[in-house]
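Student: Below is the structure I would like to discuss, written out as structure tokens.
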Amino acid sequence: MAVSGSGSSRADNGYGSQQQQPPSRRRKGPGALATAYLVIYNVVMTAGWLVIAVGLVRAYLAKGSYHNLYYSIEKPLKFFQTGALLEVGLFTNCKYLPGIVPSSVVLTAFQVMSRVFLTWAVTHSVKEVQTEDSVLLFVVAWTVTEIIRYSFYTFSLLNHLPYLIKWARYTLFIVLYPMGVSGELLTIYAALPFVRQSGLYSISLPNKYNFSFDYYTFLILVMISYIPIFPQLYFHMLHQRRKVLSHTEEHKKSE
Amino acid sequence: FVSYQVEILDWKTKEQLCFLDKVEPNATIREIRLMFHKLYPQWYPARQSIKLDPKGKSLRDAEILQHLPVGTTATLYFKDLGPQIGWTTVFLIEYTGPLFIYFLFYFRMPFVYGLDERFTSSPHPVVNLACICHSFHYIKRLIETVFVHRFSHGTMPLRNIVKNCLYYWGFAAWLAYYINHPLYTPPSYGKKQINFAVIMFLLCEAGNFSIHVALSDLQRNGSKTRKIPYPTKNPFTWLFFFVSCPNYTYEVGTWISFTIMTQCVPVGLFTFLCFIQMTIWAKDKHCTYLREFKDYPSVRMPIIPFLL
């Protein structure tokens, strides 16, 4: 009579022929080529955000004030923030990050979408807000967050994660998240009157598509949506922080 | 004759919830659920998930104790699935909503388009036609739910119904708003476009109904075993030659025809989302068929002949 299934459910997922790999290795980590691609991706992204950070500092020093710094980093910001869309594709297709508490694909996708929205549909589209200080607020928050996050992934993939980076990733968000959110909300709010005035991205009845869309109202709804969503993301990160920073030893062992 | 002992533990806390002594080896999981229900009246069988592994899949009612990979003292895990609601009830609620919500807009209730337009009617015949088609579609669905469908699972979690209703009712309101709007613009190609759409609509509805009847006939004897559906004498069922889930194919066709009929972007968007959802369901079903039947026809695709 069979004893409670140690082999029954997991043994043969149709991979019966591959007897070389011990079962414990099958779920962990990507192959060597995939790791190489991922490391390159994360290094490039880290470098990109460093470029933005350096650009901001240089512009500040040159101008002597922190106003209107958006123009000096506009292009790299658009490029690298939009590049993060690749990540969503990567996450969905291969849960590849070893030794990291897996964060939800949905949350990541959501965050990337909202950032891309801010970058293109608000800051790029409504030129009048590009001189707002709130733009600097979220750009700085994003820059610091992303530099830490991508270097975190890079080091994790190479299995040499300095505790400082891990600590930074799971601690600095406590300040950076609210900072970024404030910058984003203030920017959207600043854009409202210009959207209303110009009828940007809006279509009204009658028309042959029988469709109407009011971008102004849409932006207000987006702002309201921050109320339920932001706390969830924030507490999710706090929860991750507790898990990750108190289980440092266990993570090193789980390779 | 060995009698079994069954202990049931909470899947998360692993505390022992009950210990059943002298259980027959040929007892089914259904019977175990009933016994568990007696001890915990608040957990009726439909909301009990009984599994072999705390993170595993729920065991089906029909499973027999001695055929499971357990020793004579079996350890099972229990998870509360939350309040459950029967599928028939779910469908009735989900489909009655859009039916009546559409009427609110068709008859132009005062709060919808403002007091000036209240209870007026549209000068465009296509708007009346759209209302008839939309209502026909949902009435047909309601009739099928009551008389035709045979559900394999008894229930679904209660909180799903809130989510589903928001989606179906919300979309019904959104598309009804535009179709019945005083500023509605009829289709660009006029009568030709509308007539084409109506014919396509009727064909797809007939097709969808034929498939539902055919699927229901497969389970006529109340047997729980699945069978491969095959085309019958009804020409609408001939789509089974090419596709595993022709009911979904026809359903998407219905909504495409409705989009053409009304030439309305929200309808188009709803159609697109329906298509995505049904493709996911069709692929699942198709994979299940492939797994269960070695002789499954290889020509068949999940939802679109030869393509998807």
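By convention in this document, the chains of the structure tokens carry letters A, B, ... by their order, each chain's residues are numbered from 1, and ligands are numbered from 1 in the order they are shown.
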May I have a table of the residues of chain B lying at most 6 Å from chain A, giving each one's closest pair of atoms and their distance in Å to one decimal, counting only C-alpha atoms, ordered by chain and ascending residue number, as JSON lines?
Tutor:
{"residue": "B:Pro69", "atom": "CA", "partner": "A:Ser4", "partner_atom": "CA", "distance": 5.1}
{"residue": "B:Val70", "atom": "CA", "partner": "A:Ser4", "partner_atom": "CA", "distance": 4.7}
{"residue": "B:Gly71", "atom": "CA", "partner": "A:Val3", "partner_atom": "CA", "distance": 5.6}
{"residue": "B:Leu183", "atom": "CA", "partner": "A:Pro206", "partner_atom": "CA", "distance": 5.2}
{"residue": "B:Thr185", "atom": "CA", "partner": "A:Lys208", "partner_atom": "CA", "distance": 5.6}
{"residue": "B:Cys264", "atom": "CA", "partner": "A:Asn210", "partner_atom": "CA", "distance": 4.9}
{"residue": "B:Val265", "atom": "CA", "partner": "A:Tyr209", "partner_atom": "CA", "distance": 5.7}
Student: Grab the residues selected above and save them as a PDB file, in the first residue's frame with C-alpha atoms.
Tutor:
ATOM      1  CA  PRO B  69      -2.014   7.426  -1.580  1.00  0.00           C
ATOM      2  CA  VAL B  70      -2.590   7.282   2.185  1.00  0.00           C
ATOM      3  CA  GLY B  71      -1.881   4.739   4.879  1.00  0.00           C
ATOM      4  CA  LEU B 183     -26.614  62.031 -29.966  1.00  0.00           C
ATOM      5  CA  THR B 185     -24.945  58.204 -34.839  1.00  0.00           C
ATOM      6  CA  CYS B 264     -20.102  51.674 -31.170  1.00  0.00           C
ATOM      7  CA  VAL B 265     -16.593  51.607 -29.667  1.00  0.00           C
TER       8      VAL B 265
END
Student: Just the residues within 12 Å of Leu290 in chain B, please, counting only C-alpha atoms, with nothing from its chain fewer than 4 positions along; format it as a compact mmCIF listing (two decimals) with all heavy atoms, in the first residue's frame.
Tutor:
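Okay, result07.txt is ready:
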# COMPACT_ATOMS: atom_id res chain seq x y z
N LYS B 227 -17.31 13.22 -22.17
CA LYS B 227 -17.20 12.58 -23.48
C LYS B 227 -16.78 13.64 -24.49
O LYS B 227 -17.05 14.81 -24.32
CB LYS B 227 -18.54 11.96 -23.88
CG LYS B 227 -19.02 10.86 -22.94
CD LYS B 227 -19.98 9.92 -23.63
CE LYS B 227 -21.42 10.36 -23.54
NZ LYS B 227 -22.01 10.23 -22.22
N ILE B 228 -16.16 13.18 -25.57
CA ILE B 228 -15.79 14.12 -26.62
C ILE B 228 -17.04 14.54 -27.38
O ILE B 228 -17.80 13.69 -27.84
CB ILE B 228 -14.81 13.47 -27.63
CG1 ILE B 228 -13.57 12.96 -26.91
CG2 ILE B 228 -14.42 14.47 -28.70
CD1 ILE B 228 -12.59 12.27 -27.84
N SER B 244 -12.74 23.09 -30.58
CA SER B 244 -13.18 22.40 -29.36
C SER B 244 -14.34 23.06 -28.68
O SER B 244 -15.16 22.40 -28.04
CB SER B 244 -12.02 22.36 -28.35
OG SER B 244 -10.98 21.60 -28.83
N LYS B 283 -8.89 27.56 -24.47
CA LYS B 283 -7.59 26.88 -24.42
C LYS B 283 -7.52 25.91 -23.24
O LYS B 283 -6.99 24.81 -23.37
CB LYS B 283 -6.47 27.92 -24.31
CG LYS B 283 -6.13 28.53 -25.65
CD LYS B 283 -4.89 29.40 -25.57
CE LYS B 283 -4.60 30.05 -26.88
NZ LYS B 283 -3.62 29.38 -27.70
N ASP B 284 -8.07 26.33 -22.11
CA ASP B 284 -8.11 25.44 -20.95
C ASP B 284 -8.87 24.17 -21.25
O ASP B 284 -8.42 23.06 -20.97
CB ASP B 284 -8.83 26.15 -19.78
CG ASP B 284 -7.85 26.92 -18.93
OD1 ASP B 284 -6.63 26.67 -19.08
OD2 ASP B 284 -8.29 27.75 -18.13
N LYS B 285 -10.07 24.38 -21.80
CA LYS B 285 -10.93 23.24 -22.11
C LYS B 285 -10.24 22.31 -23.10
O LYS B 285 -10.26 21.09 -22.95
CB LYS B 285 -12.23 23.79 -22.73
CG LYS B 285 -13.43 22.87 -22.68
CD LYS B 285 -14.12 22.91 -21.33
CE LYS B 285 -15.03 21.74 -21.11
NZ LYS B 285 -16.29 21.89 -21.84
N HIS B 286 -9.63 22.93 -24.10
CA HIS B 286 -8.94 22.17 -25.14
C HIS B 286 -7.83 21.32 -24.54
O HIS B 286 -7.68 20.14 -24.85
CB HIS B 286 -8.39 23.15 -26.17
CG HIS B 286 -7.76 22.53 -27.37
ND1 HIS B 286 -8.47 21.92 -28.37
CD2 HIS B 286 -6.46 22.42 -27.73
CE1 HIS B 286 -7.65 21.47 -29.30
NE2 HIS B 286 -6.41 21.76 -28.94
N LYS B 294 -7.01 10.20 -25.48
CA LYS B 294 -5.86 9.96 -26.34
C LYS B 294 -6.24 10.09 -27.81
O LYS B 294 -5.41 10.41 -28.64
CB LYS B 294 -5.30 8.54 -26.10
CG LYS B 294 -4.82 8.29 -24.69
CD LYS B 294 -3.58 9.13 -24.38
CE LYS B 294 -3.12 8.97 -22.95
NZ LYS B 294 -3.70 9.92 -22.01
N ASP B 295 -7.52 9.84 -28.12
CA ASP B 295 -7.93 9.84 -29.52
C ASP B 295 -8.62 11.15 -29.89
O ASP B 295 -9.49 11.17 -30.74
CB ASP B 295 -8.87 8.65 -29.77
CG ASP B 295 -10.07 8.69 -28.81
OD1 ASP B 295 -9.96 9.32 -27.75
OD2 ASP B 295 -11.11 8.08 -29.15
N TYR B 296 -8.24 12.23 -29.23
CA TYR B 296 -8.91 13.50 -29.52
C TYR B 296 -8.52 13.98 -30.91
O TYR B 296 -7.36 13.97 -31.27
CB TYR B 296 -8.54 14.54 -28.47
CG TYR B 296 -9.44 15.73 -28.48
CD1 TYR B 296 -10.75 15.63 -28.01
CD2 TYR B 296 -9.02 16.94 -28.99
CE1 TYR B 296 -11.60 16.71 -28.05
CE2 TYR B 296 -9.86 18.03 -29.03
CZ TYR B 296 -11.15 17.91 -28.55
OH TYR B 296 -11.99 18.99 -28.59
N PRO B 297 -9.51 14.42 -31.71
CA PRO B 297 -9.23 14.83 -33.09
C PRO B 297 -8.16 15.91 -33.15
O PRO B 297 -8.28 16.97 -32.51
CB PRO B 297 -10.57 15.40 -33.58
CG PRO B 297 -11.59 14.91 -32.65
CD PRO B 297 -10.93 14.56 -31.36
N SER B 298 -7.12 15.67 -33.95
CA SER B 298 -5.99 16.60 -33.92
C SER B 298 -6.20 17.84 -34.78
O SER B 298 -5.47 18.80 -34.69
CB SER B 298 -4.72 15.87 -34.37
OG SER B 298 -4.97 15.25 -35.63
N VAL B 299 -7.24 17.83 -35.64
CA VAL B 299 -7.49 18.99 -36.48
C VAL B 299 -7.97 20.17 -35.64
O VAL B 299 -7.77 21.33 -35.98
CB VAL B 299 -8.57 18.66 -37.54
CG1 VAL B 299 -8.84 19.84 -38.42
CG2 VAL B 299 -8.12 17.47 -38.36
N ARG B 300 -8.64 19.82 -34.52
CA ARG B 300 -9.34 20.85 -33.77
C ARG B 300 -8.42 21.85 -33.10
O ARG B 300 -7.45 21.49 -32.45
CB ARG B 300 -10.21 20.20 -32.68
CG ARG B 300 -11.40 19.48 -33.23
CD ARG B 300 -12.35 19.11 -32.11
NE ARG B 300 -13.35 18.17 -32.57
CZ ARG B 300 -14.31 17.68 -31.81
NH1 ARG B 300 -14.38 18.05 -30.54
NH2 ARG B 300 -15.19 16.84 -32.29
N MET B 301 -8.82 23.13 -33.21
CA MET B 301 -8.18 24.20 -32.46
C MET B 301 -9.14 24.61 -31.36
O MET B 301 -10.31 24.27 -31.41
CB MET B 301 -7.90 25.39 -33.39
CG MET B 301 -6.95 25.07 -34.52
SD MET B 301 -5.32 24.61 -33.90
CE MET B 301 -4.60 26.20 -33.64
N PRO B 302 -8.64 25.35 -30.35
CA PRO B 302 -9.55 25.70 -29.25
C PRO B 302 -10.75 26.54 -29.67
O PRO B 302 -11.88 26.15 -29.39
CB PRO B 302 -8.66 26.50 -28.29
CG PRO B 302 -7.29 26.01 -28.55
CD PRO B 302 -7.24 25.67 -30.01
Student: Quick one: everything within 6 Å of range 67-78 of chain A, counting only C-alpha atoms, minus sequence neighbours fewer than 3 positions away in the same chain. Send it as a list in words.
Tutor: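 Non-adjacent residues within range: Ile52, Gln81, Thr82 and Thr131 of chain A.
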Student: As number ranges by chain, please: the residues near Glu128 in chain A (cut-off 9 Å, only C-alpha atoms, same-chain neighbours under 2 positions excluded).
Tutor: A: 123, 125-126, 130-132, 190-191, 194
Student: Assign secondary structure with DSSP using the backbone only, and return the residues of range 19-147 of chain B in strand (DSSP E or B) as a PyMOL selection string.
Tutor: chain B and resi 19-23+28+48-51+64+73-80+84-86
Student: Can I get the selection written as an mmCIF file, in the first residue's frame, with C-alpha atoms?
Tutor:
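The new file out-v8.cif reads:
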data_model
loop_
_atom_site.group_PDB
_atom_site.id
_atom_site.type_symbol
_atom_site.label_atom_id
_atom_site.label_comp_id
_atom_site.auth_asym_id
_atom_site.auth_seq_id
_atom_site.Cartn_x
_atom_site.Cartn_y
_atom_site.Cartn_z
ATOM 1 C CA PHE B 19 -10.508 12.582 14.052
ATOM 2 C CA LEU B 20 -12.714 10.009 12.398
ATOM 3 C CA ASP B 21 -12.498 6.471 13.649
ATOM 4 C CA LYS B 22 -13.580 3.264 11.895
ATOM 5 C CA VAL B 23 -13.995 4.720 8.432
ATOM 6 C CA THR B 28 -15.937 8.485 -0.667
ATOM 7 C CA GLN B 48 -14.939 22.360 2.242
ATOM 8 C CA SER B 49 -11.738 21.914 0.352
ATOM 9 C CA ILE B 50 -10.290 18.571 1.412
ATOM 10 C CA LYS B 51 -6.818 17.808 0.193
ATOM 11 C CA ILE B 64 -12.475 6.732 -2.713
ATOM 12 C CA THR B 73 -4.410 6.455 9.124
ATOM 13 C CA ALA B 74 -5.063 9.117 6.566
ATOM 14 C CA THR B 75 -4.134 12.735 7.095
ATOM 15 C CA LEU B 76 -6.223 15.162 5.128
ATOM 16 C CA TYR B 77 -6.133 18.940 5.103
ATOM 17 C CA PHE B 78 -9.110 21.230 5.233
ATOM 18 C CA LYS B 79 -9.443 24.699 3.774
ATOM 19 C CA ASP B 80 -12.531 26.847 4.038
ATOM 20 C CA GLN B 84 -20.491 29.428 -1.880
ATOM 21 C CA ILE B 85 -23.212 30.140 -4.327
ATOM 22 C CA GLY B 86 -24.726 27.760 -6.860
#
Student: For Leu200 in chain A, which of A:His236, A:Lys127, A:Arg242, A:Lys166 is the closest residue, counting only C-alpha atoms?
Tutor: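 Selected residue with least distance to Leu200 in chain A: A:Lys127.
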Student: Leaving out Cys204 in chain B and any residue of its chain fewer than 5 positions from it, which residues lie within 9 Å of it when counting only C-alpha atoms, given as a PyMOL selection string?
Tutor: chain B and resi 199+209+236+249-254+257
Student: Those same residues - N, CA, C and O atoms - I'd like them written as a compact mmCIF listing (two decimals), in the first residue's frame.
Tutor:
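After the write, selection14.txt holds the following:
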# COMPACT_ATOMS: atom_id res chain seq x y z
N ILE B 199 -28.30 39.39 -39.62
CA ILE B 199 -28.22 38.00 -40.09
C ILE B 199 -27.10 37.27 -39.36
O ILE B 199 -27.29 36.13 -38.88
N PHE B 209 -26.77 28.29 -29.41
CA PHE B 209 -27.81 27.48 -28.78
C PHE B 209 -27.66 26.01 -29.15
O PHE B 209 -27.75 25.13 -28.30
N PHE B 236 -25.17 23.60 -37.54
CA PHE B 236 -24.44 24.51 -36.66
C PHE B 236 -23.39 23.78 -35.83
O PHE B 236 -22.40 24.37 -35.40
N THR B 249 -16.91 30.30 -29.86
CA THR B 249 -16.72 30.89 -31.18
C THR B 249 -17.98 31.65 -31.59
O THR B 249 -17.92 32.81 -32.02
N TYR B 250 -19.13 30.98 -31.43
CA TYR B 250 -20.39 31.63 -31.81
C TYR B 250 -20.67 32.86 -30.93
O TYR B 250 -21.19 33.87 -31.39
N GLU B 251 -20.31 32.75 -29.67
CA GLU B 251 -20.55 33.85 -28.74
C GLU B 251 -19.78 35.09 -29.19
O GLU B 251 -20.32 36.20 -29.23
N VAL B 252 -18.52 34.90 -29.52
CA VAL B 252 -17.72 36.03 -30.00
C VAL B 252 -18.35 36.57 -31.29
O VAL B 252 -18.44 37.79 -31.49
N GLY B 253 -18.82 35.66 -32.14
CA GLY B 253 -19.47 36.07 -33.38
C GLY B 253 -20.69 36.94 -33.11
O GLY B 253 -20.93 37.95 -33.79
N THR B 254 -21.47 36.55 -32.09
CA THR B 254 -22.64 37.35 -31.73
C THR B 254 -22.23 38.77 -31.38
O THR B 254 -22.85 39.74 -31.84
N SER B 257 -21.11 40.80 -34.32
CA SER B 257 -22.25 41.26 -35.12
C SER B 257 -22.94 42.44 -34.44
O SER B 257 -23.38 43.39 -35.09
Student: Would you pick out the contacts of Tyr106 in chain B at 9 Å or less, using only C-alpha atoms, so that residues sharing its chain but fewer than 6 positions from it are not included, and give the list as JSON, numbers by chain?
Tutor: {"B": [119, 121, 122, 127, 128, 131, 176, 177, 179, 180, 181]}
Student: Export N, CA, C and O atoms of the chosen residues as a CSV table (one decimal), in the first residue's frame?
Tutor:
chain,number,residue,atom,x,y,z
B,119,PHE,N,-37.7,59.8,-21.1
B,119,PHE,CA,-38.8,59.0,-21.8
B,119,PHE,C,-38.9,59.3,-23.3
B,119,PHE,O,-39.9,58.8,-23.9
B,121,SER,N,-37.9,58.8,-27.3
B,121,SER,CA,-37.3,57.6,-28.0
B,121,SER,C,-36.5,58.1,-29.2
B,121,SER,O,-36.7,59.2,-29.7
B,122,SER,N,-35.7,57.2,-29.6
B,122,SER,CA,-34.7,57.5,-30.7
B,122,SER,C,-35.4,57.5,-32.1
B,122,SER,O,-36.2,56.6,-32.3
B,127,VAL,N,-31.6,51.5,-33.3
B,127,VAL,CA,-31.6,51.6,-31.8
B,127,VAL,C,-32.6,50.6,-31.2
B,127,VAL,O,-32.4,49.9,-30.3
B,128,ASN,N,-33.8,50.6,-31.9
B,128,ASN,CA,-34.8,49.6,-31.4
B,128,ASN,C,-34.4,48.2,-31.7
B,128,ASN,O,-34.5,47.3,-30.8
B,131,CYS,N,-31.9,47.0,-29.1
B,131,CYS,CA,-32.5,46.7,-27.9
B,131,CYS,C,-33.1,45.3,-28.0
B,131,CYS,O,-32.9,44.5,-27.0
B,176,ALA,N,-24.9,50.5,-23.2
B,176,ALA,CA,-26.3,50.9,-23.4
B,176,ALA,C,-26.4,52.4,-23.4
B,176,ALA,O,-27.2,53.0,-24.1
B,177,TYR,N,-25.5,53.1,-22.6
B,177,TYR,CA,-25.5,54.5,-22.6
B,177,TYR,C,-25.3,55.1,-23.9
B,177,TYR,O,-26.0,56.1,-24.3
B,179,ILE,N,-25.5,53.6,-27.0
B,179,ILE,CA,-26.4,53.2,-28.1
B,179,ILE,C,-27.7,54.0,-28.0
B,179,ILE,O,-28.2,54.4,-29.0
B,180,ASN,N,-28.2,54.2,-26.8
B,180,ASN,CA,-29.4,54.9,-26.6
B,180,ASN,C,-29.3,56.4,-26.4
B,180,ASN,O,-30.3,57.1,-26.0
B,181,HIS,N,-28.1,56.9,-26.6
B,181,HIS,CA,-27.9,58.3,-26.4
B,181,HIS,C,-28.6,59.2,-27.4
B,181,HIS,O,-28.7,58.8,-28.6
Student: Going by DSSP on the backbone, which residues of range 170-245 of chain A come out as helix (DSSP H, G or I)? List them as a ChimeraX atom specification.
Tutor: /A:170-171,173-198,215-245
Student: Rounded to one decimal place, report the CA of Leu85 in chain A-CA of Lys163 in chain B distance in Å.
Tutor: 27.7 Å
Student: Name the closest residue to Val122 in chain A among the candidates A:Leu192, A:Leu136, A:Leu50, A:Val144; distances are taken between atoms, counting only C-alpha atoms.
Tutor: A:Leu192
Student: Need the shell around Pro45 in chain B: protein/DNA/RNA residues with any atom at most 9 Å away, counting only C-alpha atoms. Skip same-chain ones fewer than 6 positions apart. Format as a ChimeraX atom specification?
Tutor: /B:30,33-34,36-37
Student: Take the residues just selected and output them with N, CA, C and O atoms as an mmCIF file, in the first residue's frame.
Tutor:
data_model
loop_
_atom_site.group_PDB
_atom_site.id
_atom_site.type_symbol
_atom_site.label_atom_id
_atom_site.label_comp_id
_atom_site.auth_asym_id
_atom_site.auth_seq_id
_atom_site.Cartn_x
_atom_site.Cartn_y
_atom_site.Cartn_z
ATOM 1 N N ARG B 30 -16.941 12.461 -0.512
ATOM 2 C CA ARG B 30 -18.229 13.099 -0.273
ATOM 3 C C ARG B 30 -18.762 12.729 1.104
ATOM 4 O O ARG B 30 -19.252 13.567 1.865
ATOM 5 N N ARG B 33 -16.875 14.485 3.726
ATOM 6 C CA ARG B 33 -17.335 15.875 3.836
ATOM 7 C C ARG B 33 -18.601 15.955 4.669
ATOM 8 O O ARG B 33 -18.765 16.883 5.479
ATOM 9 N N LEU B 34 -19.501 15.005 4.452
ATOM 10 C CA LEU B 34 -20.748 15.024 5.218
ATOM 11 C C LEU B 34 -20.479 14.818 6.707
ATOM 12 O O LEU B 34 -21.087 15.475 7.556
ATOM 13 N N PHE B 36 -17.717 15.540 8.258
ATOM 14 C CA PHE B 36 -17.076 16.761 8.748
ATOM 15 C C PHE B 36 -18.118 17.851 8.996
ATOM 16 O O PHE B 36 -18.050 18.602 9.966
ATOM 17 N N HIS B 37 -19.084 17.915 8.091
ATOM 18 C CA HIS B 37 -20.141 18.927 8.204
ATOM 19 C C HIS B 37 -20.939 18.730 9.500
ATOM 20 O O HIS B 37 -21.344 19.699 10.142
#
Student: Which is closest to Ser188 in chain B among B:Ile93, B:Met261, B:Leu81, B:Leu104, if we use only C-alpha atoms?
Tutor: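 Counting only C-alpha atoms, the residue closest to Ser188 in chain B is B:Met261.
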Student: Which residue is closest to Met200 in chain B? Choose from B:Asn247, B:Ser135, B:Thr232, B:Thr259 and count only C-alpha atoms.
Tutor: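 Once distances to Met200 in chain B are computed over only C-alpha atoms, the minimum belongs to B:Thr259.
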Student: CA of Phe213 in chain A and CA of Arg118 in chain B, how far apart in Å?
Tutor: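 CA of Arg118 in chain B sits 23.0 Å away from CA of Phe213 in chain A.
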